[in-house]
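Here the structure comes first, spelled out in structure tokens, and everything after it is commentary.
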Amino acid sequence: MSVRGIRTRLRIAALLLADARKAGTLRVGSSIGFPPGAYYPNGQDKAPAGQDIDIADAVVKVLATTARASR
């Protein structure tokens, strides 16, 4: 899914907790390995894909933040 058509919504972003706004980053978690939720279509050394990833991309775009995933 492309998030190209999704716009930042400053009124929604303003609802974030002050600490999250200040950091500018949301930590996103997913159980990777269960398509279509989240999986590695091109191997574990490449970026994951799937519905969970698409939703996280859309949320961070609306909130004008970045996502941070950790293993």
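In the structure tokens, chains take letters A, B, ... by order of appearance, with residues numbered from 1 within each chain and ligands from 1 in the order shown.
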DSSP-assigned strand (DSSP E or B) among region 8-56 of chain A, expressed as a count of residues only: 7
Contacts of Leu17 (chain A) within 12 Å, only C-alpha atoms, excl. fewer than 6 positions in-chain, as a ChimeraX atom specification: /A:23-26,63
Of the listed residues A:Arg68, A:Gln51, A:Lys22, A:Leu15, that which approaches Pro36 (chain A) most closely, counting only C-alpha atoms: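 Closest to Pro36 (chain A) of all the choices is A:Gln51.
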Residues flagged helix (DSSP H, G or I) by DSSP in chain A, as an NGL selection string: :A and (10-13 or 18-23 or 51-62)
Gln44 (chain A) surroundings by only C-alpha atoms, 12 Å radius, close-in-sequence under 5 positions cut, as a PyMOL selection string: chain A and resi 32-33+38-39+49+71
Using only N, CA and C atoms, please write the residues we just selected to a file, as an mmCIF file, in the first residue's frame.
data_model
loop_
_atom_site.group_PDB
_atom_site.id
_atom_site.type_symbol
_atom_site.label_atom_id
_atom_site.label_comp_id
_atom_site.auth_asym_id
_atom_site.auth_seq_id
_atom_site.Cartn_x
_atom_site.Cartn_y
_atom_site.Cartn_z
ATOM 1 N N ILE A 32 6.671 -10.146 13.259
ATOM 2 C CA ILE A 32 7.026 -10.352 11.855
ATOM 3 C C ILE A 32 7.203 -11.835 11.584
ATOM 4 N N GLY A 33 6.620 -12.274 10.500
ATOM 5 C CA GLY A 33 6.713 -13.667 10.102
ATOM 6 C C GLY A 33 5.353 -14.291 9.847
ATOM 7 N N ALA A 38 2.751 -8.999 8.823
ATOM 8 C CA ALA A 38 4.107 -8.486 8.649
ATOM 9 C C ALA A 38 5.025 -9.664 8.354
ATOM 10 N N TYR A 39 5.874 -9.500 7.380
ATOM 11 C CA TYR A 39 6.766 -10.584 6.967
ATOM 12 C C TYR A 39 7.929 -10.003 6.171
ATOM 13 N N ALA A 49 7.501 -6.122 5.142
ATOM 14 C CA ALA A 49 6.338 -5.609 4.414
ATOM 15 C C ALA A 49 5.092 -6.208 5.040
ATOM 16 N N ARG A 71 14.602 -4.797 16.659
ATOM 17 C CA ARG A 71 14.520 -6.265 16.664
ATOM 18 C C ARG A 71 14.693 -6.794 18.050
#
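When only C-alpha atoms are used to compute distances to Thr66 (chain A), the closest of the residues A:Tyr40, A:Asp52, A:Val28, A:Pro35 turns out to be A:Val28.
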Pick from A:Gly29, A:Ala20, A:Leu10, A:Asn42, whichever lies nearest to Val62 (chain A) using only C-alpha atoms: A:Leu10
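Interatomic distance, CA of Ala67 (chain A) against CA of Asp45 (chain A): 18.3 Å.
Taking CA of Gly50 (chain A) and CA of Arg27 (chain A) as endpoints, the distance between them is 17.1 Å.
Picture a line from CA of Gly5 (chain A) to CA of Arg21 (chain A); it runs 22.8 Å.
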